[in-house]
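Structure, as structure tokens:
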There are 2 protein chains.
Amino acid sequence: MTSSILHIKLEENLFLKDPTISKLGKLILSEGLLLLNEIGLEEFTFKKLASRVNTTESSIYRYFESKHQFLFYLFNFYWAWMEIGIVLSTNNIESPKKRLSIIIKHLTSVVENDVRTPYIDEAILQKVIAMESSKTFLTKKVDDENKIGYFLQYKKLVSAVSKVIKEISPDYPYPNALVTTIIESSFHQRFFGLHLPRLTNDLHDENNLNDFLTNLCFNTIENYGK
Amino acid sequence: MTSSILHIKLEENLFLKDPTISKLGKLILSEGLLLLNEIGLEEFTFKKLASRVNTTESSIYRYFESKHQFLFYLFNFYWAWMEIGIVLSTNNIESPKKRLSIIIKHLTSVVENDVRTPYIDEAILQKVIAMESSKTFLTKKVDDENKIGYFLQYKKLVSAVSKVIKEISPDYPYPNALVTTIIESSFHQRFFGLHLPRLTNDLHDENNLNDFLTNLCFNTIENYGK
DNA sequence: TGTTTTTTGGTAGTATTACTATTATTTTTG
DNA sequence: CAAAAATAATAGTAATACTACCAAAAAACA
């Protein structure tokens, strides 16, 4: 029996040395993700990570040129992984409405660890991305980082979902905006549920968050202009 | 003729010493806002601001204990100011639907400088808040900062808008979530229009952004459960 | 007007961050 | 077993995010 391993290959400029091909690299990924989840991007340093994996700062710098590059690596990993899951669970579905429902479920549900990716725990990754992903684009460096392809995976997914919306409502003029609104909202609303409950409505409950955004999506596209 | 000055009084724990009552304090606000807009929160330091207003780091630290407190000051100022504008332009309107339309216009339009607040340029403030406000809550300190009231103004506004939604659709279960989704989306979509256009749909045009979110809001609340 | 307060300026210092550079040691691989 | 590659260890730099202290200037008040 072959173990099924999902190897997610990311663009060359998301790292200095591919972390998936060495033991230390994998440790940096797995423990880095955990540390990021524990202390957050602001407090996260390569020095702390180094002491956690019993290596040195300089060794980590050989894999990633900065903690921002490391975050972008995880960010792209997440969206590449998400796309695989979405494609797999929708490619044999005829009805675009059903496909869209499934996609929204994928985008808004709490994720479980995917055992096919040994050094990344997707349940943790989702938390980290929810908390940190806005920080990838809300900077003055966004144009430079966009130029070197740091947002490619995210754009790819958005455009794929957008296509499904166009199948359902070809005249709806804002499919991309709607998709990114749903994604960002799912992250933020779950966060509000935990930390700033007056900014949301008991969306901590999985089904409510999915109901909120599914409803928002379909009512928006199906009634536009009516 | 009396000059009409809008004095926005903020909570005591948003500063160490009230910046609105001294010349230096006002300079810190006005120039700090401009500097923040120019270089972004990550690059912004009190040292740079000090050299810009010809004072010293230590003098600025007498007003704000950190740049994060300074950001929260601006954040609360923005939402307090926004609320005043919304109240003023809706309190004589009967129809809740009209009121909601006006509110969405306020929340999604590019703002112009309000001459009644001499040391804050609201047009700049809006840009800064759009870019930096997610960073106020997406941190590990959010619970502590929430406890000391750093999010009060924002919550107040959200709850006010939420009330209008309940007037229109009393059975809609997610009014708060919808309001924060609209606000966050208006910030992010405009940003995408400028920097990551493939994540949105020409919402750089004012009217489109307003149309997108007005439509999303009304269709969501009026068709829920249908 | 003179004298206290209050406010600001100036300097210094600390621990930490975000790196870069260099050399020594270990591990891998051909 | 030798050569190459990877990692460890150490050191160093400029900048950040502060704190502390004292002197000078400005404002308030008596």
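Ordering of the structure tokens sets the chain letters (A, B, ...), residue numbers begin anew at 1 in every chain, and ligands are numbered from 1 in the order given.
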Can you list every residue of chain D that has an atom at most 9 Å from chain A, with its nearest atom pair and the distance in Å to one decimal, using only C-alpha atoms (C1' of nucleotides), ordered by chain then number, as a Markdown table?
```
| residue | atom | partner | partner_atom | distance |
| --- | --- | --- | --- | --- |
| D:DT7 | C1' | A:Ser59 | CA | 6.6 |
| D:DA8 | C1' | A:Thr56 | CA | 7.0 |
| D:DA9 | C1' | A:Thr56 | CA | 8.3 |
```
Atoms kept (all heavy atoms) for selection, written as a CSV table (one decimal), in the first residue's frame:
```
chain,number,residue,atom,x,y,z
D,7,DT,P,20.4,21.8,6.0
D,7,DT,OP1,19.4,20.9,6.5
D,7,DT,OP2,20.1,23.1,5.3
D,7,DT,O5',21.4,22.1,7.2
D,7,DT,C5',21.9,21.0,8.0
D,7,DT,C4',22.8,21.6,9.0
D,7,DT,O4',24.0,22.2,8.4
D,7,DT,C3',22.3,22.6,10.0
D,7,DT,O3',22.3,22.0,11.3
D,7,DT,C2',23.2,23.8,9.8
D,7,DT,C1',24.5,23.2,9.3
D,7,DT,N1,25.4,24.0,8.4
D,7,DT,C2,26.6,24.3,8.9
D,7,DT,O2,27.1,23.8,9.9
D,7,DT,N3,27.4,25.1,8.1
D,7,DT,C4,27.0,25.6,6.9
D,7,DT,O4,27.8,26.3,6.2
D,7,DT,C5,25.7,25.3,6.5
D,7,DT,C7,25.2,25.9,5.2
D,7,DT,C6,24.9,24.6,7.3
D,8,DA,P,21.9,22.9,12.6
D,8,DA,OP1,21.4,21.9,13.6
D,8,DA,OP2,21.1,24.0,12.2
D,8,DA,O5',23.3,23.4,13.0
D,8,DA,C5',24.3,22.4,13.4
D,8,DA,C4',25.5,23.1,14.1
D,8,DA,O4',26.2,23.9,13.2
D,8,DA,C3',25.1,24.1,15.2
D,8,DA,O3',25.9,23.8,16.3
D,8,DA,C2',25.2,25.5,14.6
D,8,DA,C1',26.4,25.2,13.6
D,8,DA,N9,26.4,26.0,12.4
D,8,DA,C8,25.4,26.2,11.5
D,8,DA,N7,25.7,26.9,10.5
D,8,DA,C5,27.0,27.3,10.7
D,8,DA,C6,27.9,28.1,9.9
D,8,DA,N6,27.6,28.7,8.8
D,8,DA,N1,29.1,28.2,10.4
D,8,DA,C2,29.4,27.6,11.6
D,8,DA,N3,28.7,26.9,12.4
D,8,DA,C4,27.4,26.7,11.9
D,9,DA,P,25.8,24.5,17.7
D,9,DA,OP1,26.3,23.6,18.7
D,9,DA,OP2,24.4,25.0,17.8
D,9,DA,O5',26.8,25.7,17.5
D,9,DA,C5',28.1,25.5,17.1
D,9,DA,C4',28.9,26.8,17.2
D,9,DA,O4',28.9,27.4,15.9
D,9,DA,C3',28.4,27.7,18.2
D,9,DA,O3',29.5,28.2,19.0
D,9,DA,C2',27.8,28.9,17.4
D,9,DA,C1',28.6,28.8,16.1
D,9,DA,N9,27.8,29.2,14.9
D,9,DA,C8,26.5,29.0,14.6
D,9,DA,N7,26.1,29.5,13.4
D,9,DA,C5,27.3,30.1,12.9
D,9,DA,C6,27.6,30.8,11.7
D,9,DA,N6,26.7,31.0,10.8
D,9,DA,N1,28.8,31.2,11.5
D,9,DA,C2,29.8,31.0,12.5
D,9,DA,N3,29.6,30.4,13.7
D,9,DA,C4,28.4,29.9,13.8
```
Checklist entry - Among region 81-200 of chain B, which residues carry a DSSP assignment of alpha helix (DSSP H), reported as a PyMOL selection string? => result chain B and resi 81-90+96-108+122-132+134-137+142-147+152-168+175-195
Next on the checklist: Residues of chain A within 9 Å of chain C, counting only C-alpha atoms (C1' of nucleotides), what are they? List them as a ChimeraX atom specification.
Outcome noted: /A:45-46,61,66
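The space separating CA of Phe70 (chain A) from CA of Tyr154 (chain A) comes to 15.9 Å.
Distance annotation: of B:Glu42, B:Glu12, B:Glu94, B:Asp114, the residue with the minimal separation from chain A is B:Glu42; atom set is only C-alpha atoms.
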